[in-house]
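Peer 1: This is the content of input28.cif (mmCIF, C-alpha atoms):
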```cif
data_start
loop_
_atom_site.group_PDB
_atom_site.id
_atom_site.type_symbol
_atom_site.label_atom_id
_atom_site.label_comp_id
_atom_site.auth_asym_id
_atom_site.auth_seq_id
_atom_site.Cartn_x
_atom_site.Cartn_y
_atom_site.Cartn_z
ATOM 1 C CA MET A 1 0.000 0.000 0.000
ATOM 2 C CA LEU A 2 1.462 3.340 -1.050
ATOM 3 C CA GLU A 3 1.863 6.158 1.424
ATOM 4 C CA ILE A 4 0.490 9.073 -0.568
ATOM 5 C CA GLU A 5 0.994 12.663 0.526
ATOM 6 C CA ILE A 6 -1.049 15.403 -1.112
ATOM 7 C CA ARG A 7 0.063 19.039 -1.011
ATOM 8 C CA PRO A 8 -1.069 22.277 -2.662
ATOM 9 C CA ALA A 9 0.801 22.912 -5.904
ATOM 10 C CA GLU A 10 3.377 25.686 -5.788
ATOM 11 C CA GLU A 11 4.889 27.535 -8.722
ATOM 12 C CA LYS A 12 8.028 25.417 -8.455
ATOM 13 C CA ASP A 13 5.844 22.349 -9.144
ATOM 14 C CA TYR A 14 4.235 23.661 -12.308
ATOM 15 C CA LYS A 15 6.596 22.365 -14.971
ATOM 16 C CA GLU A 16 7.033 18.999 -13.245
ATOM 17 C CA THR A 17 3.278 18.470 -12.983
ATOM 18 C CA GLU A 18 2.806 19.480 -16.605
ATOM 19 C CA ASN A 19 5.284 16.743 -17.467
ATOM 20 C CA ILE A 20 3.280 14.290 -15.338
ATOM 21 C CA ALA A 21 0.209 15.224 -17.389
ATOM 22 C CA ARG A 22 2.191 14.685 -20.571
ATOM 23 C CA GLN A 23 3.404 11.245 -19.537
ATOM 24 C CA ALA A 24 -0.082 10.252 -18.410
ATOM 25 C CA PHE A 25 -1.928 11.292 -21.549
ATOM 26 C CA TYR A 26 0.552 11.281 -24.449
ATOM 27 C CA ARG A 27 -0.438 8.870 -27.223
ATOM 28 C CA ASP A 28 1.055 8.549 -30.684
ATOM 29 C CA ASP A 29 -2.365 7.886 -32.207
ATOM 30 C CA ARG A 30 -3.528 11.339 -31.090
ATOM 31 C CA ILE A 31 -0.890 12.864 -33.356
ATOM 32 C CA ALA A 32 -2.673 11.351 -36.341
ATOM 33 C CA GLU A 33 -6.054 12.311 -34.895
ATOM 34 C CA ILE A 34 -5.544 15.905 -33.701
ATOM 35 C CA GLY A 35 -1.943 16.729 -34.653
ATOM 36 C CA VAL A 36 -0.401 16.545 -31.167
ATOM 37 C CA GLY A 37 0.229 13.711 -28.715
ATOM 38 C CA CYS A 38 -1.719 15.384 -25.915
ATOM 39 C CA THR A 39 -3.217 18.751 -24.984
ATOM 40 C CA GLU A 40 -3.201 18.283 -21.195
ATOM 41 C CA PRO A 41 0.168 19.973 -20.393
ATOM 42 C CA TYR A 42 -0.876 23.147 -22.201
ATOM 43 C CA MET A 43 -4.338 22.901 -20.625
ATOM 44 C CA LEU A 44 -2.787 22.721 -17.157
ATOM 45 C CA HIS A 45 -0.453 25.605 -17.973
ATOM 46 C CA MET A 46 -3.296 27.840 -19.150
ATOM 47 C CA LEU A 47 -5.641 26.906 -16.309
ATOM 48 C CA ARG A 48 -3.042 28.139 -13.847
ATOM 49 C CA LYS A 49 -2.779 31.407 -15.780
ATOM 50 C CA GLU A 50 -6.530 31.936 -16.210
ATOM 51 C CA VAL A 51 -9.450 30.146 -14.509
ATOM 52 C CA GLY A 52 -7.738 27.463 -12.437
ATOM 53 C CA ILE A 53 -8.446 27.644 -8.700
ATOM 54 C CA LYS A 54 -5.193 27.907 -6.755
ATOM 55 C CA GLU A 55 -6.767 26.485 -3.586
ATOM 56 C CA LEU A 56 -7.819 23.379 -5.548
ATOM 57 C CA ASP A 57 -4.552 22.672 -7.356
ATOM 58 C CA PHE A 58 -2.848 19.649 -5.775
ATOM 59 C CA VAL A 59 0.174 17.400 -6.231
ATOM 60 C CA ALA A 60 0.471 13.813 -4.965
ATOM 61 C CA TYR A 61 3.815 12.575 -3.676
ATOM 62 C CA VAL A 62 5.133 9.091 -2.935
ATOM 63 C CA ASP A 63 8.458 8.917 -1.094
ATOM 64 C CA GLY A 64 9.079 12.568 -1.923
ATOM 65 C CA LYS A 65 8.498 12.070 -5.657
ATOM 66 C CA ALA A 66 5.697 13.937 -7.442
ATOM 67 C CA VAL A 67 3.548 11.249 -9.080
ATOM 68 C CA GLY A 68 0.178 12.863 -9.754
ATOM 69 C CA GLN A 69 -1.799 16.094 -9.971
ATOM 70 C CA ILE A 70 -5.318 17.484 -10.099
ATOM 71 C CA ILE A 71 -6.657 20.988 -10.686
ATOM 72 C CA TYR A 72 -10.153 22.519 -10.540
ATOM 73 C CA SER A 73 -11.610 25.489 -12.373
ATOM 74 C CA HIS A 74 -14.742 27.617 -12.306
ATOM 75 C CA SER A 75 -17.681 26.558 -14.463
ATOM 76 C CA HIS A 76 -21.356 27.501 -14.673
ATOM 77 C CA ILE A 77 -24.831 26.331 -15.553
ATOM 78 C CA ARG A 78 -26.734 28.835 -17.684
ATOM 79 C CA ARG A 79 -30.420 28.678 -16.809
ATOM 80 C CA PRO A 80 -33.135 29.321 -19.419
ATOM 81 C CA ASP A 81 -33.547 32.863 -18.046
ATOM 82 C CA GLY A 82 -29.836 33.549 -18.659
ATOM 83 C CA SER A 83 -28.785 33.541 -15.004
ATOM 84 C CA LEU A 84 -25.692 31.551 -14.020
ATOM 85 C CA VAL A 85 -25.246 28.964 -11.281
ATOM 86 C CA ASP A 86 -21.666 28.600 -10.068
ATOM 87 C CA THR A 87 -20.145 25.120 -10.274
ATOM 88 C CA LEU A 88 -16.741 23.472 -10.415
ATOM 89 C CA ASN A 89 -14.984 21.566 -13.150
ATOM 90 C CA PHE A 90 -11.797 19.576 -12.740
ATOM 91 C CA GLY A 91 -9.058 18.196 -14.918
ATOM 92 C CA PRO A 92 -6.619 17.206 -15.917
ATOM 93 C CA LEU A 93 -6.234 14.491 -13.295
ATOM 94 C CA SER A 94 -2.891 12.854 -14.101
ATOM 95 C CA VAL A 95 -0.831 10.035 -12.630
ATOM 96 C CA LEU A 96 2.571 8.852 -13.835
ATOM 97 C CA PRO A 97 2.142 5.596 -15.780
ATOM 98 C CA GLU A 98 4.225 3.559 -13.320
ATOM 99 C CA PHE A 99 1.994 4.697 -10.430
ATOM 100 C CA GLN A 100 -1.380 4.182 -12.103
ATOM 101 C CA LYS A 101 -3.943 1.779 -10.609
ATOM 102 C CA MET A 102 -2.231 2.113 -7.218
ATOM 103 C CA GLY A 103 -4.692 4.499 -5.571
ATOM 104 C CA VAL A 104 -3.045 7.818 -6.440
ATOM 105 C CA GLY A 105 -5.892 9.098 -8.615
ATOM 106 C CA SER A 106 -8.484 8.036 -6.039
ATOM 107 C CA ALA A 107 -6.542 9.770 -3.265
ATOM 108 C CA LEU A 108 -6.382 12.988 -5.292
ATOM 109 C CA MET A 109 -10.106 12.825 -6.037
ATOM 110 C CA ARG A 110 -11.206 12.210 -2.466
ATOM 111 C CA TYR A 111 -8.855 14.783 -0.981
ATOM 112 C CA SER A 112 -9.740 17.502 -3.493
ATOM 113 C CA MET A 113 -13.494 16.883 -3.263
ATOM 114 C CA LYS A 114 -13.333 17.125 0.520
ATOM 115 C CA ARG A 115 -11.387 20.375 0.258
ATOM 116 C CA ALA A 116 -13.825 21.803 -2.327
ATOM 117 C CA LYS A 117 -16.710 21.052 0.014
ATOM 118 C CA GLU A 118 -14.878 22.717 2.916
ATOM 119 C CA LEU A 119 -14.374 25.813 0.752
ATOM 120 C CA GLY A 120 -18.130 26.040 0.196
ATOM 121 C CA TYR A 121 -18.503 24.958 -3.416
ATOM 122 C CA GLY A 122 -21.873 23.451 -4.279
ATOM 123 C CA ALA A 123 -21.357 20.996 -7.137
ATOM 124 C CA ILE A 124 -18.880 19.545 -9.611
ATOM 125 C CA LEU A 125 -19.667 18.852 -13.271
ATOM 126 C CA PHE A 126 -17.215 17.511 -15.814
ATOM 127 C CA PHE A 127 -16.558 15.129 -18.699
ATOM 128 C CA GLY A 128 -14.742 11.879 -17.875
ATOM 129 C CA HIS A 129 -14.753 8.109 -17.908
ATOM 130 C CA PRO A 130 -18.212 6.897 -16.758
ATOM 131 C CA GLU A 131 -16.788 3.575 -15.589
ATOM 132 C CA TYR A 132 -14.380 5.288 -13.163
ATOM 133 C CA TYR A 133 -16.023 8.246 -11.448
ATOM 134 C CA PRO A 134 -19.288 6.800 -10.055
ATOM 135 C CA ARG A 135 -17.163 5.293 -7.245
ATOM 136 C CA PHE A 136 -16.833 8.859 -5.929
ATOM 137 C CA GLY A 137 -20.564 9.522 -6.136
ATOM 138 C CA PHE A 138 -20.823 11.027 -9.622
ATOM 139 C CA VAL A 139 -23.981 10.428 -11.662
ATOM 140 C CA GLN A 140 -24.952 11.321 -15.196
ATOM 141 C CA ALA A 141 -25.623 15.084 -15.261
ATOM 142 C CA SER A 142 -28.883 14.630 -17.169
ATOM 143 C CA LYS A 143 -30.351 13.336 -13.879
ATOM 144 C CA TYR A 144 -30.420 16.986 -12.813
ATOM 145 C CA GLY A 145 -31.748 18.299 -16.125
ATOM 146 C CA ILE A 146 -28.389 19.771 -17.107
ATOM 147 C CA GLU A 147 -27.284 19.548 -20.734
ATOM 148 C CA THR A 148 -24.115 20.125 -22.701
ATOM 149 C CA GLU A 149 -23.925 23.050 -25.112
ATOM 150 C CA TRP A 150 -24.616 20.594 -27.943
ATOM 151 C CA GLN A 151 -27.481 19.032 -25.948
ATOM 152 C CA ALA A 152 -25.915 15.594 -25.895
ATOM 153 C CA ASP A 153 -27.126 13.139 -23.259
ATOM 154 C CA THR A 154 -23.849 11.288 -22.725
ATOM 155 C CA PRO A 155 -22.722 9.084 -19.803
ATOM 156 C CA ALA A 156 -19.373 10.895 -19.917
ATOM 157 C CA PHE A 157 -21.010 14.125 -18.685
ATOM 158 C CA MET A 158 -21.259 13.698 -14.918
ATOM 159 C CA ALA A 159 -22.186 15.647 -11.808
ATOM 160 C CA ILE A 160 -22.080 15.465 -8.031
ATOM 161 C CA GLU A 161 -23.565 17.722 -5.380
ATOM 162 C CA LEU A 162 -21.195 18.874 -2.653
ATOM 163 C CA LYS A 163 -24.085 20.640 -0.931
ATOM 164 C CA GLU A 164 -27.235 18.549 -0.693
ATOM 165 C CA GLY A 165 -29.939 19.939 -2.962
ATOM 166 C CA TYR A 166 -27.607 22.413 -4.705
ATOM 167 C CA LEU A 167 -28.663 21.223 -8.163
ATOM 168 C CA LYS A 168 -32.328 20.731 -7.342
ATOM 169 C CA ASP A 169 -34.445 22.458 -9.987
ATOM 170 C CA VAL A 170 -31.283 23.811 -11.657
ATOM 171 C CA THR A 171 -31.864 23.050 -15.328
ATOM 172 C CA GLY A 172 -29.794 24.572 -18.093
ATOM 173 C CA ILE A 173 -26.673 24.415 -20.214
ATOM 174 C CA TYR A 174 -23.247 23.643 -18.806
ATOM 175 C CA LEU A 175 -20.445 26.104 -19.579
ATOM 176 C CA GLU A 176 -16.782 25.280 -19.033
ATOM 177 C CA ALA A 177 -13.570 27.150 -19.841
ATOM 178 C CA PRO A 178 -12.596 27.172 -23.561
ATOM 179 C CA VAL A 179 -9.211 25.653 -22.660
ATOM 180 C CA TYR A 180 -10.951 22.273 -22.339
ATOM 181 C CA ASP A 181 -11.882 22.347 -26.046
ATOM 182 C CA GLU A 182 -9.315 20.355 -28.041
ATOM 183 C CA GLU A 183 -10.259 22.188 -31.219
ATOM 184 C CA ILE A 184 -9.041 25.370 -29.539
ATOM 185 C CA THR A 185 -6.012 23.956 -27.715
ATOM 186 C CA LYS A 186 -4.528 21.529 -30.244
ATOM 187 C CA PHE A 187 -2.567 24.159 -32.188
ATOM 188 C CA PRO A 188 -1.074 25.993 -29.165
ATOM 189 C CA SER A 189 -0.451 22.565 -27.606
ATOM 190 C CA LEU A 190 1.694 21.637 -30.585
ATOM 191 C CA GLU A 191 3.822 24.743 -30.012
ATOM 192 C CA TYR A 192 3.911 24.135 -26.254
ATOM 193 C CA GLU A 193 5.184 20.596 -26.878
ATOM 194 C CA LYS A 194 8.586 22.194 -27.543
ATOM 195 C CA GLU A 195 8.812 22.753 -23.771
ATOM 196 C CA PHE A 196 9.266 18.992 -23.434
ATOM 197 C CA ALA A 197 11.739 18.445 -26.262
ATOM 198 C CA GLY A 198 13.790 15.305 -25.794
ATOM 199 C CA GLN A 199 11.362 13.664 -23.381
ATOM 200 C CA ASN A 200 9.629 10.504 -24.494
ATOM 201 C CA GLY A 201 5.838 10.385 -24.594
ATOM 202 C CA GLU A 202 4.161 7.714 -22.522
ATOM 203 C CA GLN A 203 0.821 6.105 -22.885
ATOM 204 C CA GLY A 204 -1.276 6.689 -19.818
ATOM 205 C CA GLY A 205 -4.602 7.129 -18.139
ATOM 206 C CA ARG A 206 -6.015 7.182 -14.640
#
```
Before we go any further, please render this structure as structure tokens.
Peer 2:
Amino acid sequence: MLEIEIRPAEEKDYKETENIARQAFYRDDRIAEIGVGCTEPYMLHMLRKEVGIKELDFVAYVDGKAVGQIIYSHSHIRRPDGSLVDTLNFGPLSVLPEFQKMGVGSALMRYSMKRAKELGYGAILFFGHPEYYPRFGFVQASKYGIETEWQADTPAFMAIELKEGYLKDVTGIYLEAPVYDEEITKFPSLEYEKEFAGQNGEQGGR
């Protein structure tokens, strides 16, 4: 059983955690698909510059080595009347390939969700693997009457209340930061890949 320590990310951790994201998500087949092996390092970089929440930016350590990271950002639900309900989004959640399936991702999720609740946030909505996140209490967001901008009812779009009843009667369209859109980030990600010149890409996941 790993002894996992989770700490707030500091500026000195930024490049190392971006590299963790790269190793976790880089895939050669994405080069053929979108032109770059992964967009997550650039995403993480820009979240920290723009809408990432510093108090919800964490690094996981094992024996003093940084092995994983998670970051949250502000998101909203736009109601039919145009008013906005504040919510959270998270991602990337990254774990070094050699430490995957050893509890690091779960530790980051549980710790960060607990901290988000302590800070007073009401709900988290995001896009992720529907076979992984229900273990933390996530359900399909359509249960609450919340839709994507393209009105797709997909199991990958999930939600959880941090405050009981926070999403009750909150119908509308989910809005997240543009940095999560690969169509927007793939070209700057290709340029940002030069930051990691000489480092091998790794296949990865959670």
Peer 1: Measure the distance from CA of Ile70 (chain A) to CA of Tyr144 (chain A) in Å and round it to one decimal.
Peer 2: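 Separation between CA of Ile70 (chain A) and CA of Tyr144 (chain A): 25.3 Å.
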Peer 1: Name the residues that the PyMOL selection byres ((chain A and resi 63) around 10) pulls out of this structure, and write them as number ranges by chain.
Peer 2: A: 2-5, 61-62, 64-67
Peer 1: Any chance you could work out the residue set of the PyMOL selection byres ((chain A and resi 95) around 9) here, as a compact mmCIF listing (two decimals) with C-alpha atoms, in the frame of the given file?
Peer 2:
```
# COMPACT_ATOMS: atom_id res chain seq x y z
CA ILE A 20 3.28 14.29 -15.34
CA ALA A 21 0.21 15.22 -17.39
CA GLN A 23 3.40 11.24 -19.54
CA ALA A 24 -0.08 10.25 -18.41
CA ALA A 60 0.47 13.81 -4.96
CA VAL A 67 3.55 11.25 -9.08
CA GLY A 68 0.18 12.86 -9.75
CA GLN A 69 -1.80 16.09 -9.97
CA LEU A 93 -6.23 14.49 -13.30
CA SER A 94 -2.89 12.85 -14.10
CA LEU A 96 2.57 8.85 -13.84
CA PRO A 97 2.14 5.60 -15.78
CA GLU A 98 4.22 3.56 -13.32
CA PHE A 99 1.99 4.70 -10.43
CA GLN A 100 -1.38 4.18 -12.10
CA VAL A 104 -3.04 7.82 -6.44
CA GLY A 105 -5.89 9.10 -8.62
CA GLY A 204 -1.28 6.69 -19.82
CA GLY A 205 -4.60 7.13 -18.14
CA ARG A 206 -6.02 7.18 -14.64
```
Peer 1: Expand the PyMOL selection byres ((chain A and resi 8-12) around 7) into the explicit residue set it covers here, and present it as a ChimeraX atom specification.
Peer 2: /A:7,13-14,57-59
Peer 1: Which one of A:Asn89, A:Thr185, A:Gln140, A:Ser112 sits closest to Glu40 (chain A) if you count all atoms listed in the file?
Peer 2: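 Looking only at the distances to Glu40 (chain A), the closest residue turns out to be A:Thr185.
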Peer 1: Which of these residues is nearest to Ser106 (chain A), using all atoms listed in the file: A:Thr17, A:Glu118, A:Arg30, A:Pro134?
Peer 2: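 Nearest to Ser106 (chain A): A:Pro134.
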Peer 1: Which of these residues is nearest to Gly91 (chain A), using all atoms listed in the file: A:Glu16, A:Asp169, A:Glu131, A:Glu176?
Peer 2: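 Selected residue with least distance to Gly91 (chain A): A:Glu176.
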Peer 1: Skip Met113 (chain A) itself and residues of its chain fewer than 3 positions away, then list as a PDB file with C-alpha atoms, in the frame of the given file all residues within 12 Å of it, counting all atoms listed in the file.
Peer 2:
```
ATOM      1  CA  GLU A  55      -6.767  26.485  -3.586  1.00  0.00           C
ATOM      2  CA  LEU A  56      -7.819  23.379  -5.548  1.00  0.00           C
ATOM      3  CA  ASP A  57      -4.552  22.672  -7.356  1.00  0.00           C
ATOM      4  CA  PHE A  58      -2.848  19.649  -5.775  1.00  0.00           C
ATOM      5  CA  ILE A  70      -5.318  17.484 -10.099  1.00  0.00           C
ATOM      6  CA  ILE A  71      -6.657  20.988 -10.686  1.00  0.00           C
ATOM      7  CA  TYR A  72     -10.153  22.519 -10.540  1.00  0.00           C
ATOM      8  CA  LEU A  88     -16.741  23.472 -10.415  1.00  0.00           C
ATOM      9  CA  ASN A  89     -14.984  21.566 -13.150  1.00  0.00           C
ATOM     10  CA  PHE A  90     -11.797  19.576 -12.740  1.00  0.00           C
ATOM     11  CA  SER A 106      -8.484   8.036  -6.039  1.00  0.00           C
ATOM     12  CA  ALA A 107      -6.542   9.770  -3.265  1.00  0.00           C
ATOM     13  CA  LEU A 108      -6.382  12.988  -5.292  1.00  0.00           C
ATOM     14  CA  MET A 109     -10.106  12.825  -6.037  1.00  0.00           C
ATOM     15  CA  ARG A 110     -11.206  12.210  -2.466  1.00  0.00           C
ATOM     16  CA  ALA A 116     -13.825  21.803  -2.327  1.00  0.00           C
ATOM     17  CA  LYS A 117     -16.710  21.052   0.014  1.00  0.00           C
ATOM     18  CA  GLU A 118     -14.878  22.717   2.916  1.00  0.00           C
ATOM     19  CA  LEU A 119     -14.374  25.813   0.752  1.00  0.00           C
ATOM     20  CA  GLY A 120     -18.130  26.040   0.196  1.00  0.00           C
ATOM     21  CA  TYR A 121     -18.503  24.958  -3.416  1.00  0.00           C
ATOM     22  CA  GLY A 122     -21.873  23.451  -4.279  1.00  0.00           C
ATOM     23  CA  ALA A 123     -21.357  20.996  -7.137  1.00  0.00           C
ATOM     24  CA  ILE A 124     -18.880  19.545  -9.611  1.00  0.00           C
ATOM     25  CA  LEU A 125     -19.667  18.852 -13.271  1.00  0.00           C
ATOM     26  CA  PHE A 136     -16.833   8.859  -5.929  1.00  0.00           C
ATOM     27  CA  GLY A 137     -20.564   9.522  -6.136  1.00  0.00           C
ATOM     28  CA  PHE A 138     -20.823  11.027  -9.622  1.00  0.00           C
ATOM     29  CA  ILE A 160     -22.080  15.465  -8.031  1.00  0.00           C
ATOM     30  CA  GLU A 161     -23.565  17.722  -5.380  1.00  0.00           C
ATOM     31  CA  LEU A 162     -21.195  18.874  -2.653  1.00  0.00           C
ATOM     32  CA  LYS A 163     -24.085  20.640  -0.931  1.00  0.00           C
TER      33      LYS A 163
END
```
Peer 1: Identify which of the residues A:Met1, A:Pro92, A:Asp153, A:Pro130 lies closest to Thr39 (chain A), counting all atoms listed in the file when measuring atom-to-atom distances.
Peer 2: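 Of the candidates, the smallest distance to Thr39 (chain A) is held by A:Pro92.
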Peer 1: Rounded to one decimal in Å, what is the spacing between CA of Ile53 (chain A) and CA of Pro80 (chain A)?
Peer 2: 27.0 Å
Peer 1: Which residues, protein or nucleic acid, reach to within 8 Å of (-29.4, 22.5, -16.3) in the file's coordinates when using only C-alpha atoms, and can you give that as a PyMOL selection string?
Peer 2: chain A and resi 77-79+142+144-147+170-174
Peer 1: CA of Ile184 (chain A) to CA of Val85 (chain A): how many Å, to one decimal?
Peer 2: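 Rounded to one decimal, the two atoms are 24.7 Å apart.
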Peer 1: Restricting the calculation to all atoms listed in the file, which member of A:Lys194, A:Pro155, A:Met43, A:Ser75 is positioned closest to Asp181 (chain A)?
Peer 2: A:Met43
Peer 1: Rank A:Lys143, A:Lys15, A:Arg135, A:Lys186 by their smallest atom-to-atom distance to Glu33 (chain A), using only C-alpha atoms, and report the top residue only.
Peer 2: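 For Glu33 (chain A), the nearest of the candidates is A:Lys186.
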Peer 1: Using only C-alpha atoms, give me every residue within 12 Å of (3.2, 13.4, -31.9) in file coordinates, as number ranges by chain.
Peer 2: A: 22, 25-39, 186, 189-191, 193-194, 196-197, 199-203
Peer 1: Please produce an output containing C-alpha atoms for each residue in the selection, written as a PDB file, in the frame of the given file.
Peer 2:
```
ATOM      1  CA  ARG A  22       2.191  14.685 -20.571  1.00  0.00           C
ATOM      2  CA  PHE A  25      -1.928  11.292 -21.549  1.00  0.00           C
ATOM      3  CA  TYR A  26       0.552  11.281 -24.449  1.00  0.00           C
ATOM      4  CA  ARG A  27      -0.438   8.870 -27.223  1.00  0.00           C
ATOM      5  CA  ASP A  28       1.055   8.549 -30.684  1.00  0.00           C
ATOM      6  CA  ASP A  29      -2.365   7.886 -32.207  1.00  0.00           C
ATOM      7  CA  ARG A  30      -3.528  11.339 -31.090  1.00  0.00           C
ATOM      8  CA  ILE A  31      -0.890  12.864 -33.356  1.00  0.00           C
ATOM      9  CA  ALA A  32      -2.673  11.351 -36.341  1.00  0.00           C
ATOM     10  CA  GLU A  33      -6.054  12.311 -34.895  1.00  0.00           C
ATOM     11  CA  ILE A  34      -5.544  15.905 -33.701  1.00  0.00           C
ATOM     12  CA  GLY A  35      -1.943  16.729 -34.653  1.00  0.00           C
ATOM     13  CA  VAL A  36      -0.401  16.545 -31.167  1.00  0.00           C
ATOM     14  CA  GLY A  37       0.229  13.711 -28.715  1.00  0.00           C
ATOM     15  CA  CYS A  38      -1.719  15.384 -25.915  1.00  0.00           C
ATOM     16  CA  THR A  39      -3.217  18.751 -24.984  1.00  0.00           C
ATOM     17  CA  LYS A 186      -4.528  21.529 -30.244  1.00  0.00           C
ATOM     18  CA  SER A 189      -0.451  22.565 -27.606  1.00  0.00           C
ATOM     19  CA  LEU A 190       1.694  21.637 -30.585  1.00  0.00           C
ATOM     20  CA  GLU A 191       3.822  24.743 -30.012  1.00  0.00           C
ATOM     21  CA  GLU A 193       5.184  20.596 -26.878  1.00  0.00           C
ATOM     22  CA  LYS A 194       8.586  22.194 -27.543  1.00  0.00           C
ATOM     23  CA  PHE A 196       9.266  18.992 -23.434  1.00  0.00           C
ATOM     24  CA  ALA A 197      11.739  18.445 -26.262  1.00  0.00           C
ATOM     25  CA  GLN A 199      11.362  13.664 -23.381  1.00  0.00           C
ATOM     26  CA  ASN A 200       9.629  10.504 -24.494  1.00  0.00           C
ATOM     27  CA  GLY A 201       5.838  10.385 -24.594  1.00  0.00           C
ATOM     28  CA  GLU A 202       4.161   7.714 -22.522  1.00  0.00           C
ATOM     29  CA  GLN A 203       0.821   6.105 -22.885  1.00  0.00           C
TER      30      GLN A 203
END
```
Peer 1: Give me the box for region 5-14 of chain A as JSON, namely the centre and edge lengths in Å to one decimal of a box along x, y and z that holds every listed atom plus 4 Å on each side.
Peer 2:
```
{"center_x": 3.5, "center_y": 20.1, "center_z": -5.9, "size_x": 17.1, "size_y": 22.9, "size_z": 20.8}
```
